[in-house]
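Just query.cif here, mmCIF, C-alpha atoms:
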```cif
data_input
#
loop_
_atom_site.label_atom_id
_atom_site.label_comp_id
_atom_site.auth_asym_id
_atom_site.auth_seq_id
_atom_site.Cartn_x
_atom_site.Cartn_y
_atom_site.Cartn_z
CA MET A 20 111.10 87.44 66.69
CA GLU A 21 108.97 88.76 69.53
CA LYS A 22 106.34 86.08 68.96
CA GLN A 23 109.01 83.47 69.41
CA GLY A 24 109.79 84.80 72.88
CA LYS A 25 113.05 86.48 71.77
CA THR A 26 114.20 90.09 71.67
CA TRP A 27 116.07 91.63 68.73
CA ASN A 28 119.36 91.34 70.58
CA GLY A 29 118.97 87.56 70.62
CA GLY A 30 118.32 87.24 74.36
CA GLU A 31 115.31 85.90 76.18
CA LYS A 32 112.48 88.31 76.89
CA SER A 33 113.25 90.27 80.02
CA GLU A 34 111.24 89.96 83.19
CA GLN A 35 110.12 93.57 82.69
CA THR A 36 108.82 92.76 79.21
CA GLN A 37 106.91 89.73 80.49
CA GLN A 38 105.40 91.81 83.28
CA ALA A 39 104.39 94.52 80.81
CA SER A 40 102.65 91.96 78.59
CA LYS A 41 100.65 90.76 81.60
CA GLU A 42 99.67 94.31 82.48
CA ASP A 43 98.43 94.89 78.92
CA PHE A 44 95.43 92.66 79.72
CA LYS A 45 94.44 94.60 82.83
CA GLU A 46 91.30 96.70 82.64
CA PRO A 47 91.73 100.21 84.04
CA MET A 48 90.15 100.94 87.38
CA ASN A 49 87.18 103.29 87.38
CA ALA A 50 88.51 106.85 87.52
CA PHE A 51 86.51 107.56 90.69
CA SER A 52 87.66 104.43 92.50
CA ASN A 53 90.64 103.68 94.69
CA ILE A 54 90.79 99.98 95.59
CA LYS A 55 93.77 98.76 97.57
CA ASN A 56 93.24 94.97 97.50
CA VAL A 57 91.24 92.78 95.13
CA ILE A 58 90.59 89.32 96.57
CA GLY A 59 89.02 86.55 94.48
CA VAL A 60 86.91 83.83 96.10
CA VAL A 61 86.76 80.70 93.97
CA SER A 62 85.65 77.09 94.03
CA GLY A 63 86.30 74.29 91.63
CA LYS A 64 82.64 73.22 91.73
CA GLY A 65 79.29 74.53 92.85
CA GLY A 66 77.40 73.82 96.03
CA VAL A 67 80.22 74.42 98.51
CA GLY A 68 78.96 77.74 99.90
CA LYS A 69 81.35 80.06 98.08
CA SER A 70 79.06 83.09 98.34
CA PHE A 71 78.60 82.38 102.06
CA VAL A 72 82.37 82.47 102.54
CA THR A 73 82.71 85.60 100.37
CA SER A 74 80.10 87.39 102.45
CA SER A 75 81.62 86.13 105.69
CA LEU A 76 85.05 87.49 104.78
CA ALA A 77 83.56 90.81 103.69
CA VAL A 78 81.55 91.17 106.91
CA GLN A 79 84.45 90.30 109.17
CA MET A 80 86.77 92.77 107.47
CA ALA A 81 84.06 95.46 107.63
CA LYS A 82 83.66 94.78 111.36
CA LYS A 83 87.41 95.36 111.69
CA GLY A 84 86.88 98.86 110.34
CA TYR A 85 87.97 98.34 106.74
CA LYS A 86 86.11 99.78 103.75
CA VAL A 87 84.77 96.76 101.88
CA GLY A 88 82.97 95.96 98.64
CA ILE A 89 81.70 92.81 96.93
CA LEU A 90 81.70 92.35 93.16
CA ASP A 91 79.24 89.55 92.45
CA ALA A 92 80.79 87.95 89.37
CA ASP A 93 78.45 84.95 89.46
CA ILE A 94 76.29 86.46 86.74
CA THR A 95 74.01 83.47 86.15
CA GLY A 96 73.64 82.54 89.82
CA PRO A 97 73.85 85.75 91.86
CA SER A 98 73.05 85.42 95.55
CA ILE A 99 74.94 88.22 97.32
CA PRO A 100 72.12 90.85 97.21
CA LYS A 101 69.59 88.52 98.82
CA MET A 102 71.98 87.58 101.60
CA PHE A 103 72.27 91.25 102.55
CA GLY A 104 68.61 92.10 101.93
CA LEU A 105 69.37 94.41 98.99
CA LYS A 106 66.57 95.07 96.54
CA GLU A 107 67.32 98.55 95.23
CA GLN A 108 68.28 99.00 91.60
CA VAL A 109 71.68 100.36 90.66
CA VAL A 110 71.69 103.87 89.24
CA GLY A 111 74.53 105.84 87.72
CA ASP A 112 75.87 109.29 87.05
CA HIS A 113 78.88 110.81 85.30
CA ARG A 114 81.16 108.69 87.51
CA GLY A 115 79.61 105.37 86.48
CA MET A 116 77.36 102.84 88.18
CA LEU A 117 76.87 103.44 91.89
CA PRO A 118 76.99 100.24 93.96
CA ILE A 119 74.27 99.60 96.49
CA GLU A 120 75.42 99.85 100.10
CA THR A 121 74.25 97.68 102.94
CA LYS A 122 73.22 99.59 106.06
CA GLU A 123 76.60 98.64 107.49
CA GLY A 124 78.44 100.23 104.56
CA ILE A 125 79.47 97.24 102.43
CA LYS A 126 79.23 98.20 98.74
CA VAL A 127 77.73 95.60 96.40
CA ILE A 128 77.36 95.33 92.64
CA SER A 129 75.44 92.38 91.17
CA ILE A 130 73.43 91.63 88.05
CA ASN A 131 70.37 91.19 90.28
CA LEU A 132 70.65 94.86 91.24
CA LEU A 133 70.28 95.83 87.58
CA MET A 134 67.21 93.72 86.79
CA ASP A 135 63.52 94.52 87.24
CA ASN A 136 62.84 90.93 88.28
CA GLU A 137 65.48 89.27 90.46
CA GLU A 138 64.07 85.85 89.57
CA ALA A 139 64.48 86.33 85.82
CA PRO A 140 67.17 84.01 84.40
CA VAL A 141 70.29 85.42 82.77
CA ILE A 142 70.67 83.47 79.54
CA TRP A 143 73.88 84.84 78.06
CA ARG A 144 76.88 83.28 76.41
CA GLY A 145 80.31 83.35 78.03
CA PRO A 146 81.81 86.36 76.22
CA VAL A 147 78.83 88.54 77.16
CA ILE A 148 79.06 87.47 80.79
CA ALA A 149 82.80 88.17 80.82
CA GLY A 150 82.11 91.63 79.40
CA VAL A 151 79.66 92.39 82.21
CA VAL A 152 82.25 91.40 84.81
CA LYS A 153 84.69 93.88 83.27
CA GLN A 154 82.00 96.56 83.38
CA PHE A 155 81.38 95.83 87.06
CA TRP A 156 85.07 96.61 87.57
CA ASN A 157 85.75 99.63 85.40
CA GLU A 158 82.30 101.22 85.10
CA THR A 159 81.41 101.09 88.79
CA CYS A 160 82.26 104.02 91.04
CA TRP A 161 83.59 102.08 94.03
CA GLY A 162 85.11 105.07 95.80
CA ASP A 163 87.76 104.24 98.40
CA LEU A 164 87.95 100.55 99.33
CA ASP A 165 90.47 98.63 101.36
CA TYR A 166 89.15 95.28 100.07
CA LEU A 167 87.05 94.32 97.07
CA PHE A 168 85.96 90.68 97.24
CA VAL A 169 85.10 89.10 93.89
CA ASP A 170 82.59 86.27 94.25
CA MET A 171 83.23 84.10 91.21
CA PRO A 172 81.11 81.35 89.68
CA PRO A 173 82.33 77.78 90.23
CA GLY A 174 84.78 76.15 87.88
CA THR A 175 87.69 77.37 85.79
CA GLY A 176 85.82 78.92 82.87
CA ASP A 177 85.31 82.32 81.27
CA VAL A 178 84.69 84.43 84.37
CA PRO A 179 87.64 83.27 86.51
CA LEU A 180 89.86 83.63 83.45
CA THR A 181 88.52 87.14 82.83
CA VAL A 182 88.98 88.16 86.45
CA PHE A 183 92.52 86.77 86.65
CA GLN A 184 93.54 88.47 83.41
CA SER A 185 91.65 91.75 83.72
CA LEU A 186 91.64 92.68 87.42
CA PRO A 187 94.66 93.34 89.67
CA VAL A 188 93.93 90.35 91.90
CA GLU A 189 96.17 90.28 94.99
CA GLY A 190 95.25 86.68 95.75
CA ILE A 191 92.45 84.14 95.95
CA VAL A 192 90.74 82.14 98.63
CA ILE A 193 89.62 78.65 97.57
CA VAL A 194 86.40 77.31 99.09
CA THR A 195 85.80 73.60 99.46
CA SER A 196 83.86 71.05 101.48
CA PRO A 197 85.00 67.75 103.07
CA GLN A 198 84.13 65.29 100.29
CA GLU A 199 87.16 63.69 98.65
CA LEU A 200 85.77 64.57 95.20
CA VAL A 201 85.89 68.24 96.13
CA GLN A 202 89.47 67.93 97.33
CA MET A 203 90.40 66.98 93.78
CA ILE A 204 88.63 70.09 92.54
CA VAL A 205 90.66 72.24 94.95
CA LYS A 206 93.73 71.22 93.02
CA LYS A 207 92.14 72.35 89.75
CA ALA A 208 91.50 75.83 91.17
CA TYR A 209 94.98 75.90 92.67
CA ASN A 210 96.61 74.85 89.41
CA MET A 211 94.65 77.44 87.42
CA ALA A 212 95.77 80.18 89.80
CA ASN A 213 99.38 79.04 89.48
CA MET A 214 99.15 79.05 85.68
CA MET A 215 97.83 82.61 85.84
CA ASN A 216 100.48 83.68 88.38
CA ILE A 217 97.84 84.45 91.02
CA LYS A 218 98.74 83.98 94.68
CA VAL A 219 96.65 81.41 96.56
CA LEU A 220 96.11 82.87 100.02
CA GLY A 221 94.66 79.64 101.36
CA VAL A 222 91.59 77.44 101.53
CA VAL A 223 88.41 77.61 103.61
CA GLU A 224 86.50 74.40 104.25
CA ASN A 225 82.74 74.92 104.46
CA PHE A 226 80.22 72.38 105.84
CA SER A 227 83.10 70.96 107.85
CA TYR A 228 80.79 69.57 110.54
CA LEU A 229 77.41 69.96 112.21
CA LEU A 230 77.22 70.74 115.91
CA CYS A 231 74.69 68.60 117.73
CA PRO A 232 72.22 71.05 119.35
CA ASP A 233 71.88 68.79 122.39
CA CYS A 234 75.39 67.61 123.26
CA GLY A 235 77.61 69.90 121.18
CA LYS A 236 79.37 66.99 119.49
CA GLN A 237 80.75 67.56 116.00
CA ILE A 238 78.91 65.40 113.45
CA LYS A 239 80.89 64.86 110.24
CA LEU A 240 78.05 64.73 107.72
CA PHE A 241 80.38 64.44 104.75
CA GLY A 242 82.89 62.15 106.38
CA GLU A 243 86.34 62.91 107.72
CA SER A 244 88.03 65.95 106.28
CA HIS A 245 91.29 65.65 104.38
CA ILE A 246 91.75 69.36 103.78
CA ASP A 247 94.80 69.63 106.05
CA ASP A 248 96.58 66.94 104.04
CA VAL A 249 95.63 68.55 100.72
CA ALA A 250 96.73 71.98 101.93
CA LYS A 251 100.05 70.58 103.13
CA GLU A 252 100.58 68.85 99.80
CA LEU A 253 99.95 72.11 97.92
CA GLY A 254 101.89 74.26 100.36
CA ILE A 255 98.94 76.49 101.27
CA GLU A 256 97.23 77.37 104.54
CA VAL A 257 93.85 76.27 105.86
CA LEU A 258 92.22 79.61 106.65
CA GLY A 259 89.18 78.26 108.44
CA LYS A 260 86.68 75.46 108.86
CA LEU A 261 83.05 76.52 108.94
CA PRO A 262 80.25 74.30 110.28
CA LEU A 263 76.94 73.57 108.62
CA ASN A 264 74.83 76.01 110.62
CA PRO A 265 71.03 76.06 110.04
CA GLU A 266 70.73 79.27 112.06
CA ALA A 267 73.27 81.05 109.87
CA ALA A 268 71.48 79.80 106.75
CA GLN A 269 68.22 81.25 108.04
CA ILE A 270 69.86 84.60 108.80
CA ALA A 271 71.26 84.69 105.26
CA ASP A 272 67.86 83.82 103.78
CA GLU A 273 66.36 86.72 105.75
CA GLY A 274 68.90 89.14 104.28
CA LYS A 275 70.59 89.85 107.61
CA PHE A 276 74.01 88.41 106.87
CA PHE A 277 75.85 91.07 108.86
CA GLU A 278 74.44 89.48 112.02
CA ILE A 279 76.35 86.26 111.44
CA ASP A 280 79.37 86.00 113.71
CA ASN A 281 82.03 83.57 112.55
CA GLU A 282 85.06 85.70 113.36
CA GLU A 283 86.71 83.07 115.54
CA MET A 284 86.40 80.38 112.86
CA LEU A 285 87.88 82.72 110.24
CA SER A 286 90.56 84.29 112.44
CA LYS A 287 93.36 82.90 110.27
CA ALA A 288 91.72 84.21 107.11
CA ILE A 289 91.34 87.64 108.69
CA GLU A 290 95.00 87.63 109.70
CA VAL A 291 96.12 86.71 106.17
CA LEU A 292 93.91 89.37 104.60
CA GLN A 293 95.20 92.02 106.99
CA ASN A 294 98.73 91.13 105.90
CA THR A 295 97.98 90.93 102.18
CA GLU A 296 100.97 93.10 101.35
CA LYS A 297 103.21 90.44 102.88
CA VAL A 298 101.87 87.57 100.79
CA LYS A 299 102.03 88.99 97.30
CA ALA A 300 103.24 86.58 94.66
#
```
Here is the file; what I need is its structure written in the form of C-alpha cells.
Amino acid sequence: MEKQGKTWNGGEKSEQTQQASKEDFKEPMNAFSNIKNVIGVVSGKGGVGKSFVTSSLAVQMAKKGYKVGILDADITGPSIPKMFGLKEQVVGDHRGMLPIETKEGIKVISINLLMDNEEAPVIWRGPVIAGVVKQFWNETCWGDLDYLFVDMPPGTGDVPLTVFQSLPVEGIVIVTSPQELVQMIVKKAYNMANMMNIKVLGVVENFSYLLCPDCGKQIKLFGESHIDDVAKELGIEVLGKLPLNPEAAQIADEGKFFEIDNEEMLSKAIEVLQNTEKVKA
C-alpha cells in the first residue's frame, strides 16, 4: 500500500510523510560542523564560468564578514584551488578531513587538494564521483560556516542529483552566458531544480559584455542578451551580469581571486543570499 502512495487508512500520504521520505536521503552533517546555508551553483553546460561565479559569491560574502566555505564538487574538472592559490594537501584527524583555508579565511575542499599531482586526471565512474561528493560533505570538518557554496559540474547528471538529494541545499544559483543556446540550458537546470523541490534563487549571466579599454563602451561579444526575458518567463531574478574581464581572469590564474572586486555587479545576489531565510521553498 505504501508503495502505491497510500496509507493504511486509505488516504493520500501526508505532507509530513512525504517530507520524511525526502529527509531519508539526506547525508548527516559532519559531527564537528555547523553549516547554516548550503548554496549550490549550477550550469546546464560547461564553459560559462561557473567556478568564477562560485568564487565571486564566496569572496563577496566573506568580505561582508560571513564565515564561508567552498565544496568543489566538480571532481573531474576542479579549478577552485588554483583560483585561490591553494596547493597544500588536505590532512585529517579524529574529526575528519580538514579543509584548506585561504589566507582570508575561506575554507575549501577539492579533489585537487587530495592528490599528489594536481594535473593528474580523475578517471572515475559516476557512482564513485558521487560518493566522493558525499564524503566532502559528511567527512569534512567544516566548523562553523554561514555559507557553504557547492561548485557543481555542468549538466544535470550524477553530481547535481547527489547534491540535491543528499545535502540540505537552501537554494541554487544558475550561471549562464548570453548565447541563445545557453538560455535553453538554463531551463534544463531550472526544471531539474523544480523536480527536486530545490529553490532557484536566481540566475547570474557571465561574459555579458566586454568593456572597451579605450572608450568604455560595452561590446556584446556573444550578441544581445535575452536573460531578462528568460528570467521573467521562469519567474526568477537576474542576480547579476558579469563582464568578460581579462584582468580578472589573470588575477584568477595567479591564484589571487580575493583581490577581484565585483561587489557592485553582484549586489542583487548578495542581497538574496543575505536574506536566504526569506526565500526558502
task = Can you work out which one of A:Ile148, A:Val205, A:Leu164, A:Val291 has the shortest atom-to-atom distance to Leu253 of chain A, counting all atoms listed in the file?
result = A:Val205
query = Evaluating the PyMOL selection byres ((chain A and resi 117-125) around 10) on the displayed file yields which residues, as a PyMOL selection string?
reply = chain A and resi 74+77-78+80-82+85-90+100+103-112+114-116+126-129+132+155+158-162+164+167+275+277
request  = Excluding Phe226 of chain A and residues on its chain fewer than 4 positions from it, collect all residues at most 6 Å away from it, counting all atoms listed in the file, and give them as a PyMOL selection string.
outcome  = chain A and resi 196+261-263
key: Proximity to Pro97 of chain A - best of A:Pro232, A:Gly150, A:Pro173, A:Gly190, all atoms listed in the file   = A:Pro173
task = Tell me which of A:Ser62, A:Asn49, A:Thr295, A:Thr181 sits closest to Ile204 of chain A, counting all atoms listed in the file.
result = A:Ser62
task = Run the PyMOL selection byres ((chain A and resi 224) around 8) mentally over the shown coordinates, then write out the matched residues as a PyMOL selection string, using the chain letters and numbers from the document.
result = chain A and resi 194-197+222-223+225-227+246+257+259-261
request  = List the neighbours of Val178 of chain A out to 8 Å using all atoms listed in the file; skip same-chain residues closer than 6 positions along the sequence, and give me the result as a list of chain:residue names.
outcome  = A:Ala92, A:Gly145, A:Ile148, A:Ala149, A:Val152, A:Met171, A:Pro172
request  = Any chance you could resolve the PyMOL selection byres ((chain A and resi 290) around 12) against this file and give the residues as JSON, numbers by chain?
outcome  = {"A": [76, 79, 80, 83, 220, 221, 256, 258, 259, 282, 283, 284, 285, 286, 287, 288, 289, 291, 292, 293, 294, 295, 296, 297, 298]}
request  = Determine the nearest neighbour of Leu229 of chain A from the options A:Gly242, A:Asp170, A:Gln202, A:Lys45, counting all atoms listed in the file.
outcome  =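 Closest candidate: A:Gly242.
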request  = Go through A:Ser185, A:Lys64, A:Ile94, A:Leu180 and flag the residue nearest Val147 of chain A, using all atoms listed in the file for the distances.
outcome  =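 Closest to Val147 of chain A, using all atoms listed in the file: A:Ile94.
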task = Counting all atoms listed in the file, figure out which residue out of A:Gly66, A:Glu138, A:Asp248, A:Ala212 gets nearest to Lys101 of chain A.
result =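 Using all atoms listed in the file, Lys101 of chain A sits closest to A:Glu138.
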message = Show me the residues around (87.1, 98.8, 82.1) - criterion: an atom at most 8 Å away, all atoms listed in the file counted - as a VMD selection string.
response = chain A and resid 46 to 49 153 to 154 156 to 158
Any chance you can output those residues with C-alpha atoms as a PDB file, in the coordinates of the input?
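Result file follows (again.pdb):
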```
ATOM      1  CA  GLU A  46      91.300  96.700  82.640  1.00  0.00           C
ATOM      2  CA  PRO A  47      91.730 100.210  84.040  1.00  0.00           C
ATOM      3  CA  MET A  48      90.150 100.940  87.380  1.00  0.00           C
ATOM      4  CA  ASN A  49      87.180 103.290  87.380  1.00  0.00           C
ATOM      5  CA  LYS A 153      84.690  93.880  83.270  1.00  0.00           C
ATOM      6  CA  GLN A 154      82.000  96.560  83.380  1.00  0.00           C
ATOM      7  CA  TRP A 156      85.070  96.610  87.570  1.00  0.00           C
ATOM      8  CA  ASN A 157      85.750  99.630  85.400  1.00  0.00           C
ATOM      9  CA  GLU A 158      82.300 101.220  85.100  1.00  0.00           C
TER      10      GLU A 158
END
```
task = Quote the spacing between atom CA of Phe183 of chain A and atom CA of Leu200 of chain A in Å to one decimal place.
result = 24.7 Å
Find the axis-aligned box for segment 124-141 of chain A, covering all its listed atoms and adding 4 Å on each side, and write its centre and edge lengths in Å to one decimal as JSON.
```
{"center_x": 71.2, "center_y": 92.1, "center_z": 93.7, "size_x": 24.6, "size_y": 24.2, "size_z": 29.8}
```
query = What does the distance from atom CA of Pro265 of chain A to atom CA of Met134 of chain A come to in Å, to one decimal?
reply =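 About the pair atom CA of Pro265 of chain A and atom CA of Met134 of chain A: they are 29.4 Å apart.
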